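**Student:** Dropping in run.tsv, which is TSV, C-alpha atoms and all ligand atoms:
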chain	number	residue	atom	x	y	z
A	213	MET	CA	-13.69	5.78	-12.53
A	214	ALA	CA	-13.11	9.50	-11.88
A	215	LEU	CA	-9.68	8.81	-10.37
A	216	SER	CA	-8.52	7.11	-13.59
A	217	GLY	CA	-9.62	10.18	-15.59
A	218	LEU	CA	-7.62	12.39	-13.26
A	219	TRP	CA	-4.54	10.23	-13.78
A	220	GLU	CA	-4.92	10.46	-17.60
A	221	LYS	CA	-4.78	14.24	-17.23
A	222	TYR	CA	-1.48	14.12	-15.33
A	223	ARG	CA	0.20	10.99	-16.74
A	224	SER	CA	2.41	12.81	-19.29
A	225	SER	CA	5.75	13.50	-17.66
A	226	TRP	CA	6.58	16.17	-20.22
A	227	GLY	CA	3.18	17.77	-19.83
A	228	ARG	CA	3.82	18.18	-16.12
A	229	LEU	CA	7.31	19.57	-16.67
A	230	LEU	CA	6.08	22.15	-19.17
A	231	SER	CA	3.17	23.24	-17.00
A	232	THR	CA	2.96	26.17	-14.59
A	233	ALA	CA	3.44	23.57	-11.84
A	234	ALA	CA	6.92	22.66	-13.09
A	235	VAL	CA	8.56	23.64	-9.80
A	236	ARG	CA	6.32	21.20	-7.92
A	237	GLU	CA	7.23	18.53	-10.47
A	238	LEU	CA	10.96	19.20	-10.05
A	239	LYS	CA	10.66	19.00	-6.26
A	240	LEU	CA	8.82	15.71	-6.61
A	241	ARG	CA	11.55	14.31	-8.87
A	242	ALA	CA	14.24	15.31	-6.40
A	243	SER	CA	12.89	12.78	-3.91
A	244	PHE	CA	10.90	10.26	-5.94
A	245	ASP	CA	11.25	8.17	-9.11
A	246	VAL	CA	8.19	9.20	-11.11
A	247	ASP	CA	8.57	6.62	-13.89
A	248	LEU	CA	6.04	3.83	-14.17
A	249	LEU	CA	7.58	0.35	-14.28
A	250	SER	CA	9.11	-1.06	-17.44
A	251	ARG	CA	7.35	-4.34	-16.79
A	252	TRP	CA	9.33	-6.45	-19.24
A	253	ARG	CA	12.45	-5.74	-17.15
A	254	ILE	CA	11.05	-7.29	-13.97
A	255	VAL	CA	11.65	-11.01	-13.33
A	256	ASN	CA	9.35	-13.21	-11.26
A	257	ARG	CA	11.69	-15.11	-8.90
A	258	VAL	CA	8.91	-16.97	-7.11
A	259	ALA	CA	9.08	-20.65	-8.12
A	260	ALA	CA	6.53	-21.74	-10.72
A	261	GLY	CA	3.13	-22.64	-9.28
A	262	THR	CA	3.93	-21.28	-5.80
A	263	ILE	CA	1.24	-19.40	-3.91
A	264	PRO	CA	0.43	-18.77	-0.20
A	265	ASP	CA	-1.23	-21.59	1.72
A	266	CYS	CA	-3.55	-19.45	3.82
A	267	PRO	CA	-5.92	-22.20	5.11
A	268	ASN	CA	-2.96	-24.00	6.71
A	269	CYS	CA	-1.10	-20.92	7.93
A	270	THR	CA	-0.60	-20.23	11.61
A	271	ASN	CA	0.59	-16.66	11.07
A	272	ILE	CA	-2.44	-14.51	10.27
A	273	CYS	CA	-1.02	-11.59	8.35
A	274	CYS	CA	-4.25	-9.59	8.78
A	275	ALA	CA	-3.31	-8.89	12.42
A	276	GLY	CA	-0.35	-7.30	14.15
A	277	LEU	CA	0.90	-3.75	14.35
A	278	GLU	CA	3.58	-4.36	11.71
A	279	ASN	CA	0.91	-5.57	9.26
A	280	VAL	CA	-1.16	-2.39	9.24
A	281	VAL	CA	-2.39	-1.76	5.70
A	282	SER	CA	-1.30	1.46	4.07
A	283	LEU	CA	-3.85	2.58	1.47
A	284	ARG	CA	-3.36	3.98	-2.04
A	285	LEU	CA	-5.63	6.60	-3.62
A	286	ARG	CA	-7.29	3.81	-5.59
A	287	ASP	CA	-8.04	1.97	-2.35
A	288	ILE	CA	-9.58	5.10	-0.82
A	289	ALA	CA	-11.77	5.62	-3.92
A	290	ARG	CA	-12.92	2.00	-3.71
A	291	LEU	CA	-13.78	2.23	-0.01
A	292	ILE	CA	-15.77	5.40	-0.69
A	293	ASP	CA	-17.65	3.61	-3.52
A	294	LEU	CA	-18.29	0.60	-1.29
A	295	ASP	CA	-19.50	2.86	1.55
A	296	ARG	CA	-16.82	1.30	3.83
A	297	THR	CA	-15.02	4.47	4.91
A	298	ASP	CA	-15.60	3.30	8.50
A	299	LEU	CA	-12.58	1.02	7.91
A	300	MET	CA	-10.17	3.91	7.27
A	301	THR	CA	-8.28	6.14	9.65
A	302	LYS	CA	-5.92	9.03	9.03
A	303	LYS	CA	-4.08	8.24	12.28
A	304	LYS	CA	-1.07	6.06	11.63
A	305	PRO	CA	0.21	3.76	14.40
A	306	ASN	CA	3.33	4.44	16.40
A	307	PHE	CA	5.83	1.68	15.81
A	308	PRO	CA	8.23	0.81	18.65
A	309	ALA	CA	11.79	1.76	17.78
A	310	SER	CA	12.83	-1.90	18.14
A	311	MET	CA	10.34	-2.94	15.45
A	312	LEU	CA	11.62	-0.32	13.04
A	313	ALA	CA	15.20	-1.37	13.70
A	314	GLU	CA	14.34	-5.01	12.94
A	315	ARG	CA	12.46	-4.15	9.75
A	316	PRO	CA	14.37	-1.67	7.59
A	317	GLY	CA	11.62	-1.81	4.93
A	318	LEU	CA	9.05	-0.68	7.47
A	319	GLY	CA	11.35	2.12	8.64
A	320	GLU	CA	11.74	3.29	5.04
A	321	LEU	CA	7.99	3.26	4.54
A	322	VAL	CA	7.28	5.22	7.70
A	323	ALA	CA	9.80	7.89	6.70
A	324	SER	CA	8.06	8.50	3.37
A	325	GLU	CA	5.73	11.39	2.57
A	326	LEU	CA	3.19	8.98	1.10
A	327	TRP	CA	2.94	7.11	4.42
A	328	ARG	CA	2.45	10.39	6.23
A	329	THR	CA	-0.24	11.59	3.84
A	330	LEU	CA	-2.33	8.52	3.04
A	331	PRO	CA	-4.67	6.76	5.48
A	332	VAL	CA	-4.41	3.20	6.79
A	333	LEU	CA	-6.97	0.51	7.53
A	334	ARG	CA	-8.13	0.60	11.14
A	335	GLN	CA	-6.90	-2.10	13.48
A	336	THR	CA	-8.85	-3.26	16.53
A	337	GLY	CA	-8.05	-4.73	19.95
A	338	ASP	CA	-4.77	-5.57	21.60
A	339	LEU	CA	-3.93	-7.99	18.79
A	340	LYS	CA	-4.33	-5.18	16.24
A	341	VAL	CA	-6.66	-7.10	13.95
A	342	CYS	CA	-7.57	-5.49	10.63
A	343	ALA	CA	-11.08	-4.04	10.91
A	344	ALA	CA	-11.99	-5.69	7.59
A	345	LEU	CA	-11.35	-9.22	8.91
A	346	SER	CA	-14.50	-11.20	9.73
A	347	LYS	CA	-14.91	-13.48	12.76
A	348	ARG	CA	-14.51	-16.43	10.37
A	349	LEU	CA	-11.09	-14.97	9.42
A	350	THR	CA	-12.14	-13.99	5.90
A	351	CYS	CA	-11.60	-10.60	4.28
A	352	THR	CA	-14.88	-8.69	4.09
A	353	LEU	CA	-13.42	-6.48	1.35
A	354	TYR	CA	-12.45	-9.28	-1.04
A	355	PRO	CA	-12.31	-9.01	-4.07
A	356	HIS	CA	-12.12	-5.23	-3.60
A	357	TRP	CA	-9.32	-5.47	-1.06
A	358	PRO	CA	-6.41	-3.00	-0.91
A	359	LEU	CA	-3.60	-3.28	-3.43
A	360	SER	CA	-1.04	-4.30	-0.83
A	361	CYS	CA	-3.28	-7.21	0.25
A	362	GLU	CA	-3.91	-8.20	-3.37
A	363	ARG	CA	-0.20	-8.74	-4.05
A	364	PHE	CA	0.82	-10.19	-0.65
A	365	PRO	CA	3.17	-11.99	-0.09
A	366	TYR	CA	4.82	-11.17	-3.43
A	367	SER	CA	7.28	-8.33	-3.03
A	368	LEU	CA	8.85	-6.10	-5.68
A	369	SER	CA	12.40	-4.78	-5.59
A	370	VAL	CA	12.78	-2.17	-8.31
A	371	VAL	CA	16.53	-1.91	-7.70
A	372	ARG	CA	16.99	-5.66	-8.19
A	373	ARG	CA	14.31	-5.76	-10.91
A	374	GLN	CA	12.61	-8.76	-9.40
A	375	VAL	CA	9.59	-9.98	-7.54
A	376	THR	CA	10.29	-12.36	-4.66
A	377	TRP	CA	8.43	-14.12	-1.85
A	378	GLY	CA	8.07	-11.77	1.14
A	379	SER	CA	9.69	-12.88	4.38
A	380	ARG	CA	6.52	-12.20	6.43
A	381	CYS	CA	4.68	-15.16	4.86
A	382	PRO	CA	5.81	-18.55	6.21
A	383	SER	CA	3.36	-20.83	4.41
A	384	GLU	CA	3.39	-21.78	0.74
A	385	LYS	CA	2.02	-24.47	-1.53
A	386	ARG	CA	3.13	-25.48	-5.01
A	387	ASP	CA	1.32	-27.07	-7.91
A	388	PRO	CA	1.25	-26.41	-11.68
A	389	THR	CA	-2.48	-25.66	-11.46
A	390	PHE	CA	-1.69	-22.63	-9.24
A	391	GLU	CA	0.23	-20.96	-12.07
A	392	PRO	CA	-2.58	-18.49	-13.04
A	393	ARG	CA	-2.71	-17.34	-9.39
A	394	ARG	CA	1.08	-16.94	-9.33
A	395	ARG	CA	0.90	-14.79	-12.46
A	396	ALA	CA	-1.91	-12.70	-10.94
A	397	LEU	CA	0.15	-12.10	-7.77
A	398	PHE	CA	3.15	-11.05	-9.87
A	399	GLN	CA	0.95	-8.65	-11.83
A	400	ALA	CA	-0.53	-7.27	-8.61
A	401	ALA	CA	2.96	-6.58	-7.23
A	402	LEU	CA	3.76	-4.52	-10.36
A	403	ASP	CA	0.39	-2.74	-10.25
A	404	ALA	CA	0.90	-1.80	-6.59
A	405	TYR	CA	4.19	-0.09	-7.47
A	406	ASP	CA	2.64	1.89	-10.34
A	407	GLU	CA	-0.22	3.03	-8.15
A	408	ARG	CA	2.36	4.39	-5.70
A	409	VAL	CA	3.89	6.46	-8.52
A	410	LYS	CA	0.46	7.72	-9.58
A	411	ASP	CA	-0.30	8.68	-5.97
A	412	ALA	CA	2.89	10.73	-5.70
A	413	VAL	CA	2.08	12.58	-8.93
A	414	LEU	CA	-1.57	13.23	-8.12
A	415	LEU	CA	-0.83	14.31	-4.55
A	416	THR	CA	1.71	16.77	-5.92
A	417	HIS	CA	-0.42	18.21	-8.72
A	418	ALA	CA	-4.07	17.46	-8.14
A	419	ARG	CA	-4.97	18.05	-4.49
A	420	PRO	CA	-8.00	20.29	-5.28
A	421	ALA	CA	-9.38	17.68	-7.71
A	422	LEU	CA	-8.86	14.96	-5.09
A	423	ASP	CA	-10.84	17.11	-2.66
A	424	GLU	CA	-13.67	17.30	-5.20
A	425	LEU	CA	-13.69	13.51	-5.49
A	426	GLY	CA	-14.12	13.25	-1.72
A	427	ILE	CA	-10.68	11.69	-1.35
A	428	GLY	CA	-9.01	14.80	0.08
A	429	ALA	CA	-10.87	14.44	3.38
A	430	TRP	CA	-8.88	11.24	3.99
A	431	LEU	CA	-5.48	12.82	3.37
A	432	THR	CA	-3.29	14.20	6.15
A	433	GLY	CA	-2.39	17.83	5.58
A	434	PRO	CA	1.07	19.30	6.28
A	435	ASP	CA	-0.12	20.88	9.55
A	436	GLU	CA	-1.88	17.80	10.88
A	437	ASP	CA	-0.36	15.21	13.23
A	438	PRO	CA	-0.46	11.95	11.26
A	439	PHE	CA	0.11	9.67	14.26
A	440	GLU	CA	-2.02	8.07	16.96
A	441	ASP	CA	-1.28	9.13	20.51
A	442	ALA	CA	1.96	7.43	21.56
A	443	PRO	CA	1.54	4.58	24.06
A	444	LYS	CA	3.23	5.33	27.37
A	445	GLY	CA	6.51	3.63	28.28
A	446	LEU	CA	7.61	2.55	24.80
A	447	PRO	CA	10.47	4.18	22.89
A	448	ILE	CA	8.90	5.56	19.73
A	449	ILE	CA	10.47	6.83	16.54
A	450	ARG	CA	8.59	9.50	14.62
B	1	LIG	S1	1.07	-15.11	6.07
B	1	LIG	FE1	0.91	-15.90	3.95
B	1	LIG	S2	-0.03	-17.94	4.09
B	1	LIG	FE2	-0.33	-16.89	6.06
B	1	LIG	S3	-2.38	-15.96	5.90
B	1	LIG	FE3	-0.88	-14.42	5.22
B	1	LIG	S4	-0.68	-14.66	2.98
B	1	LIG	FE4	-1.70	-16.50	3.80
B	2	LIG	S1	-8.07	-5.81	4.00
B	2	LIG	FE1	-8.58	-7.97	4.09
B	2	LIG	S2	-6.75	-9.06	3.38
B	2	LIG	FE2	-6.15	-6.95	3.87
B	2	LIG	S3	-5.40	-7.04	6.00
B	2	LIG	FE3	-7.58	-6.50	6.06
B	2	LIG	S4	-8.71	-8.43	6.29
B	2	LIG	FE4	-6.63	-8.90	5.62
Write the structure described by the file as structure tokens, please.

**Tutor:**
Amino acid sequence: MALSGLWEKYRSSWGRLLSTAAVRELKLRASFDVDLLSRWRIVNRVAAGTIPDCPNCTNICCAGLENVVSLRLRDIARLIDLDRTDLMTKKKPNFPASMLAERPGLGELVASELWRTLPVLRQTGDLKVCAALSKRLTCTLYPHWPLSCERFPYSLSVVRRQVTWGSRCPSEKRDPTFEPRRRALFQAALDAYDERVKDAVLLTHARPALDELGIGAWLTGPDEDPFEDAPKGLPIIR
């Protein structure tokens, strides 16, 4: 994939520091940890054989404003390849201040430059249903679904060096035969983090090349408003 080739060009930390773009690299490092994960240091705290029990779940995580899917560069490239760019939007939702106060993780995400720059999956209707969800409640993108869906509900804390079960998923099932799926979810949680690092590096150093790949058209520029029009009557944090 062309995006992988682009990453190979920029993956050397020293190469970036010794380049003419060193100032950009230093600015990036001032606000972002650019190291890929040392995977052997991360512990999987989810109990053995435990995976989500989606068929018996009453809380559909593919709907709801708070569940809007933030996309990575790899997700954008995939949607372009699949000819499903109709699912993407550059306009991020406005979260009510109360929702951000209740969910510090969401507040942290919204404050980040990556959230501002990268697109999200479109949501439809008052229930804010993901545009990729079929009427039969299946994901029309599977198995090429976004990285954050691939790892859900497993959640990585780099500071604590662990992967845990995310609080937004209330339904689990446990059996030794689910162990391969548990391992895949753990791996996906680590992969999602590394893709975030790659995005920060490529957005800092390779914007013209991303434009050439057709990805740039889906990125929000510094002078563009990244948000949907604010709904009237709700206190909004931007
Ligand atoms: S909340 Fe968890 S169990 Fe429910 S549909 Fe989502 S991933 Fe599946
Ligand atoms: S992309 Fe698929 S799994 Fe992810 S929120 Fe949308 S419908 Fe659900």

**Student:** Using only C-alpha atoms, find each residue in stretch 404-431 of chain A having at least one atom no more than 12 Å away from stretch 307-325 of chain A; report its shortest atom-to-atom pair and that distance in Å (one decimal), rows by chain then rising number, as JSON lines.

**Tutor:**
{"residue": "A:Arg408", "atom": "CA", "partner": "A:Glu325", "partner_atom": "CA", "distance": 11.3}
{"residue": "A:Asp411", "atom": "CA", "partner": "A:Glu325", "partner_atom": "CA", "distance": 10.8}
{"residue": "A:Ala412", "atom": "CA", "partner": "A:Glu325", "partner_atom": "CA", "distance": 8.8}
{"residue": "A:Leu415", "atom": "CA", "partner": "A:Glu325", "partner_atom": "CA", "distance": 10.1}
{"residue": "A:Thr416", "atom": "CA", "partner": "A:Glu325", "partner_atom": "CA", "distance": 10.8}
{"residue": "A:Leu431", "atom": "CA", "partner": "A:Glu325", "partner_atom": "CA", "distance": 11.3}

**Student:** Please produce, as a Markdown table, a per-residue contact table for chain A versus ligand LIG 2 (chain B) (criterion: any atom at most 8 Å away, only C-alpha atoms and all ligand atoms considered), showing the nearest atom pair and its distance in Å to one decimal, sorted by chain then residue number.

**Tutor:**
| residue | atom | partner | partner_atom | distance |
| --- | --- | --- | --- | --- |
| A:Cys273 | CA | B:LIG2 | S3 | 6.7 |
| A:Cys274 | CA | B:LIG2 | S3 | 3.9 |
| A:Ala275 | CA | B:LIG2 | S3 | 7.0 |
| A:Asn279 | CA | B:LIG2 | S3 | 7.3 |
| A:Val280 | CA | B:LIG2 | S3 | 7.1 |
| A:Val281 | CA | B:LIG2 | S3 | 6.1 |
| A:Leu333 | CA | B:LIG2 | FE3 | 7.2 |
| A:Val341 | CA | B:LIG2 | FE3 | 8.0 |
| A:Cys342 | CA | B:LIG2 | FE3 | 4.7 |
| A:Ala343 | CA | B:LIG2 | FE3 | 6.5 |
| A:Ala344 | CA | B:LIG2 | S4 | 4.5 |
| A:Leu345 | CA | B:LIG2 | S4 | 3.8 |
| A:Ser346 | CA | B:LIG2 | S4 | 7.3 |
| A:Leu349 | CA | B:LIG2 | S4 | 7.6 |
| A:Thr350 | CA | B:LIG2 | S4 | 6.5 |
| A:Cys351 | CA | B:LIG2 | FE1 | 4.0 |
| A:Thr352 | CA | B:LIG2 | FE1 | 6.3 |
| A:Leu353 | CA | B:LIG2 | FE1 | 5.8 |
| A:Tyr354 | CA | B:LIG2 | FE1 | 6.6 |
| A:Trp357 | CA | B:LIG2 | S1 | 5.2 |
| A:Pro358 | CA | B:LIG2 | S1 | 5.9 |
| A:Ser360 | CA | B:LIG2 | FE2 | 7.4 |
| A:Cys361 | CA | B:LIG2 | FE2 | 4.6 |
| A:Glu362 | CA | B:LIG2 | S2 | 7.4 |

**Student:** Using only C-alpha atoms and all ligand atoms, which residues have at least one atom no more than 6 Å from ligand LIG 1 (chain B)? Output them as a count of residues only.

**Tutor:** 12

**Student:** Find the residue from A:Lys221, A:Arg241, A:Arg236, A:Arg257 that sits nearest to A:Gln374; use only C-alpha atoms when measuring.

**Tutor:**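 Looking at the shortest contact to A:Gln374, the residue is A:Arg257.
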
**Student:** Measuring between all atoms listed in the file, which one of A:Arg328, A:Arg393, A:Arg373, A:Arg284 shows the shortest distance to A:Leu359?

**Tutor:**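 Selected residue with least distance to A:Leu359: A:Arg284.
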
**Student:** Neighbouring residues of A:Leu218 were defined as those with any atom within 10 Å, considering only C-alpha atoms; residues of the same chain fewer than 2 positions away were excluded. Please report them as a ChimeraX atom specification.

**Tutor:** /A:213-216,220-223,414,418,421-422,425

**Student:** Could those residues be written to a file, using C-alpha atoms, as a PDB file, in the coordinates of the input?

**Tutor:**
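The file below, out_9.pdb, is the result:
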ATOM      1  CA  MET A 213     -13.690   5.780 -12.530  1.00  0.00           C
ATOM      2  CA  ALA A 214     -13.110   9.500 -11.880  1.00  0.00           C
ATOM      3  CA  LEU A 215      -9.680   8.810 -10.370  1.00  0.00           C
ATOM      4  CA  SER A 216      -8.520   7.110 -13.590  1.00  0.00           C
ATOM      5  CA  GLU A 220      -4.920  10.460 -17.600  1.00  0.00           C
ATOM      6  CA  LYS A 221      -4.780  14.240 -17.230  1.00  0.00           C
ATOM      7  CA  TYR A 222      -1.480  14.120 -15.330  1.00  0.00           C
ATOM      8  CA  ARG A 223       0.200  10.990 -16.740  1.00  0.00           C
ATOM      9  CA  LEU A 414      -1.570  13.230  -8.120  1.00  0.00           C
ATOM     10  CA  ALA A 418      -4.070  17.460  -8.140  1.00  0.00           C
ATOM     11  CA  ALA A 421      -9.380  17.680  -7.710  1.00  0.00           C
ATOM     12  CA  LEU A 422      -8.860  14.960  -5.090  1.00  0.00           C
ATOM     13  CA  LEU A 425     -13.690  13.510  -5.490  1.00  0.00           C
TER      14      LEU A 425
END

**Student:** Between atom CA of A:Thr301 and atom CA of A:Pro434, what is the distance, to one decimal in Å?

**Tutor:**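 For atom CA of A:Thr301 relative to atom CA of A:Pro434, the distance reads 16.5 Å.
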
**Student:** Just how far from atom CA of A:Leu339 is atom CA of A:Arg380, in Å to one decimal?

**Tutor:**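 Answer for the atom CA of A:Arg380 to atom CA of A:Leu339 separation: 16.7 Å.
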
**Student:** So which residues touch A:Leu368 within 9 Å, counting all atoms listed in the file, skipping near sequence neighbours fewer than 2 positions away, as a PyMOL selection string?

**Tutor:** chain A and resi 254+366+370-378+398+401-402+405

**Student:** Could you write out the selected residues, including C-alpha atoms, as a PDB file, in the frame of the given file?

**Tutor:**
ATOM      1  CA  ILE A 254      11.050  -7.290 -13.970  1.00  0.00           C
ATOM      2  CA  TYR A 366       4.820 -11.170  -3.430  1.00  0.00           C
ATOM      3  CA  VAL A 370      12.780  -2.170  -8.310  1.00  0.00           C
ATOM      4  CA  VAL A 371      16.530  -1.910  -7.700  1.00  0.00           C
ATOM      5  CA  ARG A 372      16.990  -5.660  -8.190  1.00  0.00           C
ATOM      6  CA  ARG A 373      14.310  -5.760 -10.910  1.00  0.00           C
ATOM      7  CA  GLN A 374      12.610  -8.760  -9.400  1.00  0.00           C
ATOM      8  CA  VAL A 375       9.590  -9.980  -7.540  1.00  0.00           C
ATOM      9  CA  THR A 376      10.290 -12.360  -4.660  1.00  0.00           C
ATOM     10  CA  TRP A 377       8.430 -14.120  -1.850  1.00  0.00           C
ATOM     11  CA  GLY A 378       8.070 -11.770   1.140  1.00  0.00           C
ATOM     12  CA  PHE A 398       3.150 -11.050  -9.870  1.00  0.00           C
ATOM     13  CA  ALA A 401       2.960  -6.580  -7.230  1.00  0.00           C
ATOM     14  CA  LEU A 402       3.760  -4.520 -10.360  1.00  0.00           C
ATOM     15  CA  TYR A 405       4.190  -0.090  -7.470  1.00  0.00           C
TER      16      TYR A 405
END

**Student:** With distances taken over all atoms listed in the file, which of A:Met300, A:Val258, A:Leu238, A:Ile427 is nearest to A:Leu397?

**Tutor:**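 Distance minimum relative to A:Leu397 lands on A:Val258.
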